[in-house]
>>> print(open('structure09.cif').read())   # mmCIF, C-alpha atoms
data_start
#
loop_
_atom_site.group_PDB
_atom_site.id
_atom_site.type_symbol
_atom_site.label_atom_id
_atom_site.label_comp_id
_atom_site.auth_asym_id
_atom_site.auth_seq_id
_atom_site.Cartn_x
_atom_site.Cartn_y
_atom_site.Cartn_z
ATOM 1 C CA MET B 1499 38.361 -43.852 44.276
ATOM 2 C CA GLU B 1500 36.920 -46.657 42.189
ATOM 3 C CA ARG B 1501 38.616 -49.884 41.196
ATOM 4 C CA GLY B 1502 40.220 -50.698 37.838
ATOM 5 C CA TRP B 1503 38.292 -52.984 35.484
ATOM 6 C CA GLU B 1504 39.215 -56.225 33.728
ATOM 7 C CA ALA B 1505 41.004 -55.553 30.411
ATOM 8 C CA MET B 1506 41.170 -51.866 31.382
ATOM 9 C CA GLN B 1507 37.549 -51.327 30.362
ATOM 10 C CA ILE B 1508 35.465 -48.769 32.240
ATOM 11 C CA ASN B 1509 31.722 -48.318 31.832
ATOM 12 C CA VAL B 1510 31.152 -44.573 31.407
ATOM 13 C CA ALA B 1511 27.359 -44.536 30.861
ATOM 14 C CA GLN B 1512 26.747 -42.530 34.056
ATOM 15 C CA LEU B 1513 29.527 -40.081 33.255
ATOM 16 C CA LEU B 1514 28.112 -39.558 29.737
ATOM 17 C CA ARG B 1515 24.783 -38.616 31.360
ATOM 18 C CA SER B 1516 26.547 -36.110 33.642
ATOM 19 C CA ALA B 1517 27.124 -32.425 33.037
ATOM 20 C CA ILE B 1518 30.207 -31.205 31.175
ATOM 21 C CA GLY B 1519 33.106 -31.009 33.613
ATOM 22 C CA ALA B 1520 31.963 -33.916 35.814
ATOM 23 C CA THR B 1521 34.826 -36.215 36.814
ATOM 24 C CA ARG B 1522 35.427 -39.723 38.088
ATOM 25 C CA ASP B 1523 38.726 -41.080 39.403
ATOM 26 C CA TYR B 1524 39.829 -44.684 38.930
ATOM 27 C CA GLU B 1525 42.713 -46.795 40.142
ATOM 28 C CA VAL B 1526 44.138 -48.992 37.418
ATOM 29 C CA LYS B 1527 46.006 -52.191 38.228
ATOM 30 C CA GLN B 1528 45.969 -54.606 35.329
ATOM 31 C CA VAL B 1529 48.361 -56.999 33.596
ATOM 32 C CA ILE B 1530 48.383 -56.468 29.817
ATOM 33 C CA ASP B 1531 50.627 -56.947 26.801
ATOM 34 C CA VAL B 1532 52.011 -53.400 26.723
ATOM 35 C CA THR B 1533 54.273 -53.672 23.673
ATOM 36 C CA GLY B 1534 52.339 -56.202 21.602
ATOM 37 C CA ASP B 1535 55.139 -58.787 21.777
ATOM 38 C CA GLY B 1536 53.186 -61.353 23.810
ATOM 39 C CA VAL B 1537 54.863 -60.485 27.136
ATOM 40 C CA ASN B 1538 52.530 -59.203 29.846
ATOM 41 C CA SER B 1539 53.417 -56.315 32.154
ATOM 42 C CA LEU B 1540 51.681 -54.867 35.180
ATOM 43 C CA VAL B 1541 50.194 -51.424 34.539
ATOM 44 C CA GLU B 1542 49.123 -49.474 37.611
ATOM 45 C CA GLY B 1543 48.283 -45.925 38.552
ATOM 46 C CA LYS B 1544 45.408 -43.478 38.612
ATOM 47 C CA VAL B 1545 43.312 -41.924 35.872
ATOM 48 C CA ARG B 1546 40.734 -39.183 35.951
ATOM 49 C CA LEU B 1547 37.846 -39.249 33.481
ATOM 50 C CA MET B 1548 36.178 -35.925 32.728
ATOM 51 C CA ARG B 1549 33.006 -35.343 30.728
ATOM 52 C CA THR B 1550 33.636 -32.993 27.803
ATOM 53 C CA ASP B 1551 31.209 -31.524 25.281
ATOM 54 C CA ARG B 1552 32.222 -34.270 22.819
ATOM 55 C CA GLY B 1553 33.014 -37.288 25.004
ATOM 56 C CA ILE B 1554 35.322 -38.300 27.860
ATOM 57 C CA LEU B 1555 38.816 -36.935 28.496
ATOM 58 C CA VAL B 1556 41.150 -39.423 30.190
ATOM 59 C CA LYS B 1557 44.169 -38.036 32.060
ATOM 60 C CA GLY B 1558 46.487 -39.908 34.346
ATOM 61 C CA VAL B 1559 49.866 -41.285 35.240
ATOM 62 C CA LEU B 1560 50.503 -44.997 34.984
ATOM 63 C CA ASP B 1561 53.606 -47.028 35.794
ATOM 64 C CA THR B 1562 54.717 -50.150 33.996
ATOM 65 C CA GLY B 1563 57.897 -51.788 32.789
ATOM 66 C CA VAL B 1564 59.143 -53.734 29.799
ATOM 67 C CA GLU B 1565 61.999 -56.104 29.069
ATOM 68 C CA LEU B 1566 64.473 -54.484 26.662
ATOM 69 C CA THR B 1567 67.847 -55.287 25.159
ATOM 70 C CA CYS B 1568 70.621 -52.876 26.115
ATOM 71 C CA SER B 1569 71.932 -51.067 23.040
ATOM 72 C CA ARG B 1570 75.553 -51.287 24.292
ATOM 73 C CA CYS B 1571 76.008 -54.700 25.931
ATOM 74 C CA LEU B 1572 73.026 -56.555 24.404
ATOM 75 C CA SER B 1573 71.870 -57.827 27.828
ATOM 76 C CA LEU B 1574 68.170 -58.078 28.661
ATOM 77 C CA PHE B 1575 67.034 -55.751 31.441
ATOM 78 C CA HIS B 1576 63.809 -54.471 32.999
ATOM 79 C CA CYS B 1577 63.115 -50.866 31.975
ATOM 80 C CA PRO B 1578 60.554 -49.007 34.135
ATOM 81 C CA LEU B 1579 58.226 -46.657 32.245
ATOM 82 C CA ALA B 1580 56.132 -43.779 33.601
ATOM 83 C CA LEU B 1581 53.238 -43.122 31.235
ATOM 84 C CA SER B 1582 51.466 -39.790 31.185
ATOM 85 C CA ILE B 1583 48.174 -40.381 29.400
ATOM 86 C CA GLU B 1584 45.860 -37.702 28.008
ATOM 87 C CA GLU B 1585 43.344 -38.879 25.424
ATOM 88 C CA GLU B 1586 39.774 -37.997 24.503
ATOM 89 C CA TYR B 1587 37.337 -40.824 23.808
ATOM 90 C CA PHE B 1588 34.252 -40.293 21.657
ATOM 91 C CA PRO B 1589 30.952 -42.193 22.084
ATOM 92 C CA THR B 1590 29.678 -44.215 19.122
ATOM 93 C CA THR B 1591 26.144 -44.460 20.519
ATOM 94 C CA ASP B 1592 23.964 -41.861 22.257
ATOM 95 C CA VAL B 1593 23.661 -42.870 25.927
ATOM 96 C CA VAL B 1594 19.987 -41.821 26.163
ATOM 97 C CA SER B 1595 18.449 -42.794 22.813
ATOM 98 C CA GLY B 1596 20.844 -45.518 21.650
ATOM 99 C CA ALA B 1597 21.115 -43.800 18.246
ATOM 100 C CA PRO B 1598 24.491 -44.049 16.457
ATOM 101 C CA LEU B 1599 26.632 -40.925 16.676
ATOM 102 C CA TYR B 1600 28.963 -39.450 14.084
ATOM 103 C CA LEU B 1601 32.581 -39.541 15.111
ATOM 104 C CA PRO B 1602 34.969 -36.620 14.659
ATOM 105 C CA GLU B 1603 37.173 -36.967 11.600
ATOM 106 C CA GLU B 1604 40.329 -36.940 13.704
ATOM 107 C CA ALA B 1605 42.708 -39.691 12.652
ATOM 108 C CA GLY B 1606 43.441 -42.230 15.374
ATOM 109 C CA SER B 1607 40.729 -41.070 17.755
ATOM 110 C CA PHE B 1608 39.622 -43.438 20.499
ATOM 111 C CA THR B 1609 35.997 -44.487 20.821
ATOM 112 C CA ILE B 1610 33.559 -45.584 23.502
ATOM 113 C CA ASP B 1611 31.727 -48.716 22.316
ATOM 114 C CA GLU B 1612 27.972 -49.228 21.967
ATOM 115 C CA HIS B 1613 27.845 -50.591 25.549
ATOM 116 C CA HIS B 1614 29.370 -47.302 26.768
ATOM 117 C CA GLU B 1615 32.641 -48.938 27.714
ATOM 118 C CA LEU B 1616 35.907 -47.098 27.363
ATOM 119 C CA ASP B 1617 38.962 -49.349 26.851
ATOM 120 C CA LEU B 1618 42.300 -47.901 27.953
ATOM 121 C CA THR B 1619 44.396 -50.765 26.554
ATOM 122 C CA GLU B 1620 45.275 -49.281 23.151
ATOM 123 C CA ALA B 1621 45.975 -45.798 24.542
ATOM 124 C CA VAL B 1622 48.281 -47.312 27.188
ATOM 125 C CA ARG B 1623 50.018 -49.447 24.562
ATOM 126 C CA GLN B 1624 50.633 -46.451 22.277
ATOM 127 C CA CYS B 1625 51.851 -44.320 25.165
ATOM 128 C CA ALA B 1626 54.228 -47.094 26.310
ATOM 129 C CA LEU B 1627 55.684 -47.510 22.822
ATOM 130 C CA LEU B 1628 56.434 -43.785 22.733
ATOM 131 C CA ALA B 1629 58.004 -43.910 26.217
ATOM 132 C CA ILE B 1630 60.491 -46.671 25.376
ATOM 133 C CA PRO B 1631 63.951 -45.112 24.934
ATOM 134 C CA MET B 1632 65.383 -45.186 21.411
ATOM 135 C CA LYS B 1633 68.761 -46.396 22.711
ATOM 136 C CA PRO B 1634 67.947 -48.308 25.892
ATOM 137 C CA LEU B 1635 70.776 -48.768 28.391
ATOM 138 C CA CYS B 1636 70.851 -51.299 31.222
ATOM 139 C CA LEU B 1637 73.021 -48.877 33.219
ATOM 140 C CA GLU B 1638 73.707 -45.211 32.598
ATOM 141 C CA ASN B 1639 77.434 -45.975 32.429
ATOM 142 C CA CYS B 1640 77.143 -49.324 30.608
ATOM 143 C CA ALA B 1641 80.621 -50.339 29.387
ATOM 144 C CA GLY B 1642 79.296 -52.275 26.394
ATOM 145 C CA LEU B 1643 81.052 -55.111 24.575
ATOM 146 C CA CYS B 1644 84.711 -55.593 23.667
ATOM 147 C CA PRO B 1645 84.947 -54.844 19.928
ATOM 148 C CA LEU B 1646 87.444 -57.696 19.484
ATOM 149 C CA CYS B 1647 86.090 -60.658 21.465
ATOM 150 C CA GLY B 1648 82.530 -59.542 22.310
ATOM 151 C CA HIS B 1649 82.973 -59.928 26.100
ATOM 152 C CA ASN B 1650 80.482 -57.943 28.209
ATOM 153 C CA LEU B 1651 82.750 -55.334 29.812
ATOM 154 C CA ASN B 1652 80.219 -54.766 32.635
ATOM 155 C CA LEU B 1653 81.300 -58.196 33.946
ATOM 156 C CA GLY B 1654 84.991 -57.227 33.987
ATOM 157 C CA ALA B 1655 87.854 -56.684 31.598
ATOM 158 C CA CYS B 1656 88.642 -59.164 28.854
ATOM 159 C CA ASN B 1657 92.075 -60.541 27.907
ATOM 160 C CA CYS B 1658 92.303 -58.702 24.582
ATOM 161 C CA ARG B 1659 95.170 -56.282 24.027
ATOM 162 C CA PRO B 1660 93.885 -52.900 22.988
ATOM 163 C CA GLU B 1661 94.403 -52.484 19.298
ATOM 164 C CA ALA B 1662 95.837 -49.117 18.248
ATOM 165 C CA ASP B 1663 93.913 -47.180 15.639
ATOM 166 C CA PRO B 1664 96.174 -46.950 12.535
ATOM 167 C CA ARG B 1665 95.261 -43.285 12.149
ATOM 168 C CA TRP B 1666 97.208 -42.571 15.342
ATOM 169 C CA SER B 1667 100.327 -44.547 14.314
ATOM 170 C CA GLU B 1668 102.387 -41.457 13.412
ATOM 171 C CA LEU B 1669 101.526 -39.822 16.749
ATOM 172 C CA SER B 1670 102.445 -43.073 18.570
ATOM 173 C CA ARG B 1671 105.833 -43.088 16.797
ATOM 174 C CA LEU B 1672 106.460 -39.479 17.830
ATOM 175 C CA ALA B 1673 105.454 -40.231 21.412
ATOM 176 C CA SER B 1674 107.749 -43.261 21.617
ATOM 177 C CA ALA B 1675 110.577 -41.261 19.983
ATOM 178 C CA GLY B 1676 110.024 -38.553 22.603
ATOM 179 C CA ASP B 1677 110.216 -41.190 25.350
ATOM 180 C CA ASP B 1678 113.528 -42.431 23.909
ATOM 181 C CA LEU B 1679 114.951 -38.872 23.853
ATOM 182 C CA SER B 1680 113.854 -38.112 27.382
ATOM 183 C CA GLY B 1681 115.459 -41.373 28.563
ATOM 184 C CA GLU B 1682 118.782 -40.451 26.893
ATOM 185 C CA GLU B 1683 118.733 -36.996 28.505
ATOM 186 C CA LYS B 1684 118.270 -38.525 31.945
ATOM 187 C CA GLY B 1685 121.174 -40.900 31.384
ATOM 188 C CA THR B 1686 123.658 -38.132 30.551
#
>>> encode(input="structure09.cif", output="structure tokens")
Amino acid sequence: MERGWEAMQINVAQLLRSAIGATRDYEVKQVIDVTGDGVNSLVEGKVRLMRTDRGILVKGVLDTGVELTCSRCLSLFHCPLALSIEEEYFPTTDVVSGAPLYLPEEAGSFTIDEHHELDLTEAVRQCALLAIPMKPLCLENCAGLCPLCGHNLNLGACNCRPEADPRWSELSRLASAGDDLSGEEKGT
């Protein structure tokens, strides 16, 4: 197992010279701005690089976490993310001759620079953005906010009286009328 590199850059010159199917495993442990909001997060895990007929296939599982705002109670919380990465990187320069290479016309493809360095940062960032839940919750059973006073109900009940929905007013009247009738029956 080889070590992770600064800025998640790995020199793949030797792997590009290897036969198709050759692999190298790397441990990644790097602090980067995962979401692009200026807040750094630790990214760690293992990746396997495999030589393909067109470039280098990167596969691995990385763990990180981001600070999010709960969609129910609006509190900040740390959300762990497990990233499953699988991307192919294409060389821009021939490793033997140094001649420029034509890139596949696949939109959004990742490249290996002219120094034969593969940078995982953008692939990790994109994978993390896709892994962030659409409606993040600080707790699975988050109670949210009181709709009247805005109190965080995870911290305890507020002093507001529950307001009855006017659509249920007729049913409430029937229920209270039923309570009055049952009370009269008991008294007789």
>>> closest_residue(input="structure09.cif", among="B:Asn1657, B:Thr1609, B:Ser1582, B:Ser1670", to="B:Leu1560", atoms="all atoms listed in the file")
B:Ser1582
>>> atom_distance(input="structure09.cif", atom1="atom CA of B:Met1548", atom2="atom CA of B:Leu1599")
19.3 Å
>>> resolve_selection(input="structure09.cif", expression="the PyMOL selection byres ((chain B and resi 1516) around 12)", output="list in words")
Val1510, Ala1511, Gln1512, Leu1513, Leu1514, Arg1515, Ala1517, Ile1518, Gly1519, Ala1520, Thr1521, Arg1522, Leu1547, Met1548, Arg1549, Thr1550, Asp1551, Gly1553, Ile1554, Val1593 and Val1594 of chain B
>>> closest_residue(input="structure09.cif", among="B:Leu1672, B:Ile1583, B:Leu1635, B:Cys1568", to="B:Glu1620", atoms="all atoms listed in the file")
B:Ile1583
>>> closest_residue(input="structure09.cif", among="B:Glu1565, B:Asp1535, B:Glu1584, B:Asp1523", to="B:Val1622", atoms="all atoms listed in the file")
B:Glu1584
>>> atom_distance(input="structure09.cif", atom1="atom CA of B:Gly1563", atom2="atom CA of B:Glu1615")
25.9 Å
>>> resolve_selection(input="structure09.cif", expression="the PyMOL selection byres ((chain B and resi 1527) around 7)", output="short mmCIF file (atom, residue, chain, number, x, y, z; two decimals) with C-alpha atoms, in the frame of the given file")
data_model
loop_
_atom_site.label_atom_id
_atom_site.label_comp_id
_atom_site.auth_asym_id
_atom_site.auth_seq_id
_atom_site.Cartn_x
_atom_site.Cartn_y
_atom_site.Cartn_z
CA GLY B 1502 40.22 -50.70 37.84
CA GLU B 1525 42.71 -46.80 40.14
CA VAL B 1526 44.14 -48.99 37.42
CA GLN B 1528 45.97 -54.61 35.33
CA LEU B 1540 51.68 -54.87 35.18
CA VAL B 1541 50.19 -51.42 34.54
CA GLU B 1542 49.12 -49.47 37.61
CA GLY B 1543 48.28 -45.92 38.55
#
>>> resolve_selection(input="structure09.cif", expression="the PyMOL selection byres ((chain B and resi 1587) around 9)", output="list in words")
Arg1552, Gly1553, Ile1554, Leu1555, Val1556, Glu1585, Glu1586, Phe1588, Pro1589, Ser1607, Phe1608, Thr1609, Ile1610 and Leu1616 of chain B
>>> closest_residue(input="structure09.cif", among="B:Leu1574, B:Leu1637, B:Leu1601, B:Ala1580", to="B:Gly1558", atoms="all atoms listed in the file")
B:Ala1580
>>> residues_around(input="structure09.cif", residues="stretch 1617-1619 of chain B", least_positions_apart="6", cutoff="8 Å", atoms="all atoms listed in the file", output="ChimeraX atom specification")
/B:1505-1508,1530,1610
>>> atom_distance(input="structure09.cif", atom1="atom CA of B:Cys1571", atom2="atom CA of B:Pro1634")
10.3 Å
>>> closest_residue(input="structure09.cif", among="B:Val1564, B:Leu1572, B:Cys1640, B:Leu1669", to="B:Asn1652", atoms="only C-alpha atoms")
B:Cys1640
>>> closest_residue(input="structure09.cif", among="B:Leu1581, B:Tyr1524, B:Lys1557, B:Phe1575", to="B:Leu1628", atoms="only C-alpha atoms")
B:Leu1581
>>> axis_aligned_box(input="structure09.cif", around="stretch 1634-1641 of chain B", padding_each_side="4 Å", output="lines of an AutoDock Vina configuration file")
center_x = 74.3
center_y = -48.3
center_z = 29.6
size_x = 20.7
size_y = 14.1
size_z = 15.3
>>> build_atoms(input="structure09.cif", residues="stretch 1569-1595 of chain B", atoms="N, CA and C atoms", output="compact mmCIF listing (two decimals), keeping the file's coordinate frame")
# COMPACT_ATOMS: atom_id res chain seq x y z
N SER B 1569 71.35 -51.39 24.34
CA SER B 1569 71.93 -51.07 23.04
C SER B 1569 73.47 -51.12 23.05
N ARG B 1570 74.09 -51.20 24.23
CA ARG B 1570 75.55 -51.29 24.29
C ARG B 1570 76.07 -52.69 24.56
N CYS B 1571 75.47 -53.39 25.55
CA CYS B 1571 76.01 -54.70 25.93
C CYS B 1571 75.11 -55.86 25.50
N LEU B 1572 73.97 -55.57 24.93
CA LEU B 1572 73.03 -56.56 24.40
C LEU B 1572 72.41 -57.46 25.47
N SER B 1573 72.49 -57.07 26.75
CA SER B 1573 71.87 -57.83 27.83
C SER B 1573 70.40 -57.43 27.96
N LEU B 1574 69.57 -58.39 28.36
CA LEU B 1574 68.17 -58.08 28.66
C LEU B 1574 68.10 -57.41 30.02
N PHE B 1575 67.23 -56.41 30.16
CA PHE B 1575 67.03 -55.75 31.44
C PHE B 1575 65.61 -55.23 31.53
N HIS B 1576 65.15 -55.01 32.76
CA HIS B 1576 63.81 -54.47 33.00
C HIS B 1576 63.90 -52.95 32.98
N CYS B 1577 63.12 -52.33 32.11
CA CYS B 1577 63.12 -50.87 31.98
C CYS B 1577 61.79 -50.32 32.50
N PRO B 1578 61.80 -49.59 33.62
CA PRO B 1578 60.55 -49.01 34.14
C PRO B 1578 60.10 -47.85 33.23
N LEU B 1579 58.79 -47.73 33.06
CA LEU B 1579 58.23 -46.66 32.24
C LEU B 1579 57.15 -45.92 33.04
N ALA B 1580 57.19 -44.61 33.02
CA ALA B 1580 56.13 -43.78 33.60
C ALA B 1580 55.34 -43.20 32.43
N LEU B 1581 54.07 -43.54 32.36
CA LEU B 1581 53.24 -43.12 31.24
C LEU B 1581 52.31 -42.00 31.66
N SER B 1582 52.37 -40.90 30.95
CA SER B 1582 51.47 -39.79 31.18
C SER B 1582 50.44 -39.82 30.06
N ILE B 1583 49.22 -40.17 30.41
CA ILE B 1583 48.17 -40.38 29.40
C ILE B 1583 47.24 -39.18 29.37
N GLU B 1584 46.87 -38.75 28.19
CA GLU B 1584 45.86 -37.70 28.01
C GLU B 1584 45.22 -37.92 26.64
N GLU B 1585 44.06 -38.54 26.66
CA GLU B 1585 43.34 -38.88 25.42
C GLU B 1585 41.85 -38.59 25.59
N GLU B 1586 41.24 -38.18 24.49
CA GLU B 1586 39.77 -38.00 24.50
C GLU B 1586 39.13 -39.16 23.76
N TYR B 1587 38.10 -39.71 24.38
CA TYR B 1587 37.34 -40.82 23.81
C TYR B 1587 35.97 -40.29 23.38
N PHE B 1588 35.51 -40.77 22.21
CA PHE B 1588 34.25 -40.29 21.66
C PHE B 1588 33.23 -41.42 21.63
N PRO B 1589 31.99 -41.16 22.09
CA PRO B 1589 30.95 -42.19 22.08
C PRO B 1589 30.49 -42.51 20.66
N THR B 1590 30.20 -43.79 20.42
CA THR B 1590 29.68 -44.22 19.12
C THR B 1590 28.16 -44.30 19.14
N THR B 1591 27.59 -44.33 20.35
CA THR B 1591 26.14 -44.46 20.52
C THR B 1591 25.67 -43.46 21.56
N ASP B 1592 24.54 -42.79 21.29
CA ASP B 1592 23.96 -41.86 22.26
C ASP B 1592 23.53 -42.63 23.50
N VAL B 1593 23.93 -42.16 24.68
CA VAL B 1593 23.66 -42.87 25.93
C VAL B 1593 22.18 -42.87 26.29
N VAL B 1594 21.41 -41.90 25.83
CA VAL B 1594 19.99 -41.82 26.16
C VAL B 1594 19.13 -42.55 25.13
N SER B 1595 19.32 -42.24 23.85
CA SER B 1595 18.45 -42.79 22.81
C SER B 1595 18.96 -44.09 22.19
